[in-house]
Amino acid sequence: MSDLRKKWITAPLLNLIKKVLPPISDTEREAMEAGEVWWDAQLLSGKPDWEQLLNMGPPSLSEEEQAFVDGPVEELCRIVDDWQISFEDRCIPKAVWDFLKKERFFGIIIPKEYGGLGFSPTAHAEIVTKISTRSTCVGVTVMVPNSLGPGELLMAHGTEEQKQYFLPRLADGREIPCFGLTSPEAGSDAAAMVDSGVVCYGEYNGEKTLGMRVNWHKRYITLGPVATILGLAFKLYDPDHILGDTEELGITVALVPTDTEGVTIGQRHLPAMQAFQNGPNWGKDVFVPMEWIIGGQENVGRGWHMLMSALAAGRGISLPSLSTGGAKMAARTTGAYARIREQFSIPIGKFEGVQRRLAEIASIAYVLDSAHKTTTRALDEGRKPAVVSAIMKAHATTGLRQAINDAMDIHAGKAIMDGPLNYIGNVYRAVPVAITVEGANILTRSLMIFGQGAIRCHPYLLEEMMAAENPDTEAGIEALDELLPKHMWFQFKTFMRGIFHGWTGGLFASSPRGVGAAAKYYRQLNRYSAILTLVTEISLMSLGGELKRKELISSRLGDVLSQLYLLSCALKRFKDDGSPKEDRPLLEFAMRAGLHEIEVSLLEVFQNFPRRFLGQLMHFLTMPWGHSVHTASDRQSRACADLLMTPSETRDRLTRGVFLGNPGDGVDLVEQAFNKVCATEEARDKLKKGGIRTLSRKTVDEGLERGLISESEAESLRDTADAVDMAIQVDHFDHLGQQTSAAR
């Protein structure tokens with residue numbers, strides 16, 4: 001019976017799979033093998049095990065890590081002048097560089113035994129987040145050596161000799177690293193890389209040495225202009241068969257000192273006028289000894305796997321930290337500004353159009369901070385969730401863009417007039433850089449999140465694809481024959497669950513115990529997890545390899561997976577915080593926005609599905625009633641906006657980690673004015689009852705003369721009026737662009 005099944009069922013199915021399922025290139029295979037699946041696999045199982053996520057607990061810092069955040073990080077923020085760095089000097093001053101080296105900011109992730117700080121991913125993320133609320137330039141400068149670069153690659157793949165030599169020098173700043181991957185011909189497409197090396201013998205330290213003759217042209221290399229050690233990715237060839245029979249050995253990664261003969265460090269790029277060091281470099285017939293390969297000669301050809309392994313973790317920390325910091329800073333300052341800035345004698349935050357934007361900023365900050373905390377908590381456990389890291393990079397940077405755009409609209413002229421008092425404008429300019437680097441968001445959204453997620457997170461699909469690609473046909477049939485019954489049972493459960501939850505609106509979906517009023521949102525995420533899994537099965541079965549080319553379908557399904565992840569992190573954060581009633585407006589706004597986006601994405605998949613009948617069938621089976629979740633109501637918008645415009649534990653919790661400025665700078669002036677406006681609200685109401693609607697020294701004196709307020713209240717109100725006047729000012733420059741003053 002078994003032999004008959006294999007002959008008449010399994011073997012034909014194997015041939016069909018070979019034709020239908022997308023082929024996997026070598027670079028794709030290595031990308032999928034790097035890192036691991038985690039909560040993303042649960043979300044694509046159709047029935048997430050919430051205990052797995054909720055039992056992780058909240059992230060935390062050790063006493064040493066917290067002391068570093070409260071000490072050196074706070075001090076760094078105080079000595080940094082972002083205007084001077086970005087618009088006057090166009091570089092970080094020596095005093096700041098020296099401080100970064102002295103306090104080992106470049107060795108955050110390097111273990112203590114090698115001279116680094118040895119901090120956890122959560123501490124690494126908190127440090128970069130706080131610095132980024134002060135200066136994106138300094139944030140990037142700290143971020144890069146601790147993310148994808150020589151340090152991380154050495155720790156994971158270097159020889160002990162390489163670690164002993166380089167890691168202490170990287171930790172204390174004696175070596176400044178950069179990593180050269182992108183070239184003019186090949187950015188995201190590593191297979192198109194033309195930078196090459198040829199195995200040969202050359203002279204090194206006066207002796208004949210086995211090595212490589214390497215030529216390259218790299219650009220967009222962060223820290224490149226000031227780097228002393230270059231991590232270099234190139235394709236290695238062995239035409240003379242010195243190492244063996246194989247000529248094309250694959251992508252290889254080596255460490256090359258920038259003072260090596262033949263290396264040219266180019267002039268700087270200015271990415272969106274950001275002042276962090278970035279630039280091109282070239283190599284012409286550079287001899288690279290084999291011992292310079294990270295991990296030594298045995299790692300020849302393993303460079304892409306090494307890079308993908310590092311990216312699986314680093315991409316979940318670096319730019320998400322910067323984006324979270326920017327969103328939290330936008331929430332803190334924009335809420336304060338909307339409270340102190342008045343038009344038509346009322347705070348602009350009382351206008352409904354402004355309230356909606358404030359609510360969206362608050363919601364973005366809440367979701368990004370939640371996902372950021374959850375992801376770093378997973379990294380603390382040693383996980384390397386590649387798909388989750390891609391989700392975080394793409395959606396954190398996109399979220400930052402929306403939050404900063406909304407903040408710019410609310411601040412209006414305050415945000416577009418450059419100068420030291422402008423704390424929003426430079427972040428606005430930096431956003432396109434974050435969107436572009438570490439894999440442009442269009443690529444990440446269209447090809448990576450769902451393209452890799454559907455295959456990696458599926459319990460059987462990757463193994464089936466491997467069986468189809470097995471050159472031993474009999475072994476492939478054996479493997480597939482074992483997988484098929486399991487996959488068919490999985491499909492049956494998926495279809496039944498997806499259809500049932502689709503027709504009942506998730507009413508009977510399960511939710512974890514002890515989540516209170518948030519249970520309805522757990523049920524909805526379970527509902528859409530089941531639907532996404534069903535749609536994924538149908539898409540893969542019907543489109544097969546064609547799905548890779550249907551980028552708009554893939555990107556929409558990726559959006560569903562991404563929103564499921566982000567919203568599940570928000571639910572976890574709400575529970576970790578003790579489910580505070582005061583935070584519920586933030587959770588409700590975020591959940592409604594995310595669930596609405598999930599529905600829009602699914603309906604667009606059904607509408608545009610290449611097999612029109614299947615699109616209509618999926619719509620009928622899973623969402624027969626159309627939209628069931630609407631975005632937040634106007635009442636919920638007002639509640640979220642009020643949270644940003646009112647001193648409270650919720651506001652402080654949401655914006656924790658934001659540097660509140662040095663005395664007299666833009667952020668500090670707005671923060672001080674906000675505190676004074678809130679403290680004098682009762683006295684201000686007395687003036688309004690007397691018909692005095694505006695706040696100035698003149699109107700305060702009038703109110704005092706009329707007996708509406710006391711002398712002490714008048715003095716507080718005068719102080720408040722002065723503080724508001726200072727906070728809303730912008731800078732003046734002469735006709736040559738030289739600063740003259742803050743306008744009064």
# chains A, B, ... in the order shown; residues from 1 in each chain; ligands from 1
call {"tool": "closest_atom_pairs", "arguments": {"of": "segment 552-649 of chain A", "to": "segment 486-496 of chain A", "cutoff": "12 Å", "atoms": "only C-alpha atoms", "output": "Markdown table"}}
result
| residue | atom | partner | partner_atom | distance |
| --- | --- | --- | --- | --- |
| A:Met618 | CA | A:Phe495 | CA | 10.4 |
| A:Leu621 | CA | A:Phe495 | CA | 9.1 |
| A:Thr622 | CA | A:Phe495 | CA | 9.4 |
call {"tool": "residues_around", "arguments": {"residues": "Thr129 of chain A", "least_positions_apart": "4", "cutoff": "8 Å", "atoms": "only C-alpha atoms", "output": "PDB file with C-alpha atoms, in the first residue's frame"}}
result
ATOM      1  CA  ALA A 125      18.279  49.356  22.284  1.00  0.00           C
ATOM      2  CA  THR A 133      15.977  61.624  20.888  1.00  0.00           C
ATOM      3  CA  GLY A 139      22.610  57.903  17.375  1.00  0.00           C
ATOM      4  CA  SER A 321      15.615  52.000  18.232  1.00  0.00           C
ATOM      5  CA  LEU A 322      16.193  55.205  16.310  1.00  0.00           C
ATOM      6  CA  SER A 323      12.594  55.179  15.035  1.00  0.00           C
ATOM      7  CA  THR A 324      11.102  54.486  18.453  1.00  0.00           C
ATOM      8  CA  GLY A 325      13.123  57.311  19.954  1.00  0.00           C
ATOM      9  CA  GLY A 326      11.986  59.700  17.229  1.00  0.00           C
ATOM     10  CA  GLY A 657      13.662  57.603  27.694  1.00  0.00           C
TER      11      GLY A 657
END
call {"tool": "atom_distance", "arguments": {"atom1": "atom CA of Gly453 of chain A", "atom2": "atom CA of Asn526 of chain A"}}
result
17.8 Å
call {"tool": "closest_residue", "arguments": {"among": "A:Tyr423, A:Trp503, A:Tyr337, A:Phe68", "to": "His411 of chain A", "atoms": "only C-alpha atoms"}}
result
A:Tyr337
call {"tool": "closest_residue", "arguments": {"among": "A:Cys77, A:Val69, A:Val605, A:Ile242", "to": "Ile127 of chain A", "atoms": "only C-alpha atoms"}}
result
A:Val69
call {"tool": "select_by_dssp", "arguments": {"residues": "segment 5-187 of chain A", "states": "helix (DSSP H, G or I)", "output": "number ranges by chain"}}
result
A: 5-20, 26-33, 39-43, 50-54, 63-79, 82-89, 94-102, 105-107, 112-114, 121-132, 136-146, 150-157, 160-171
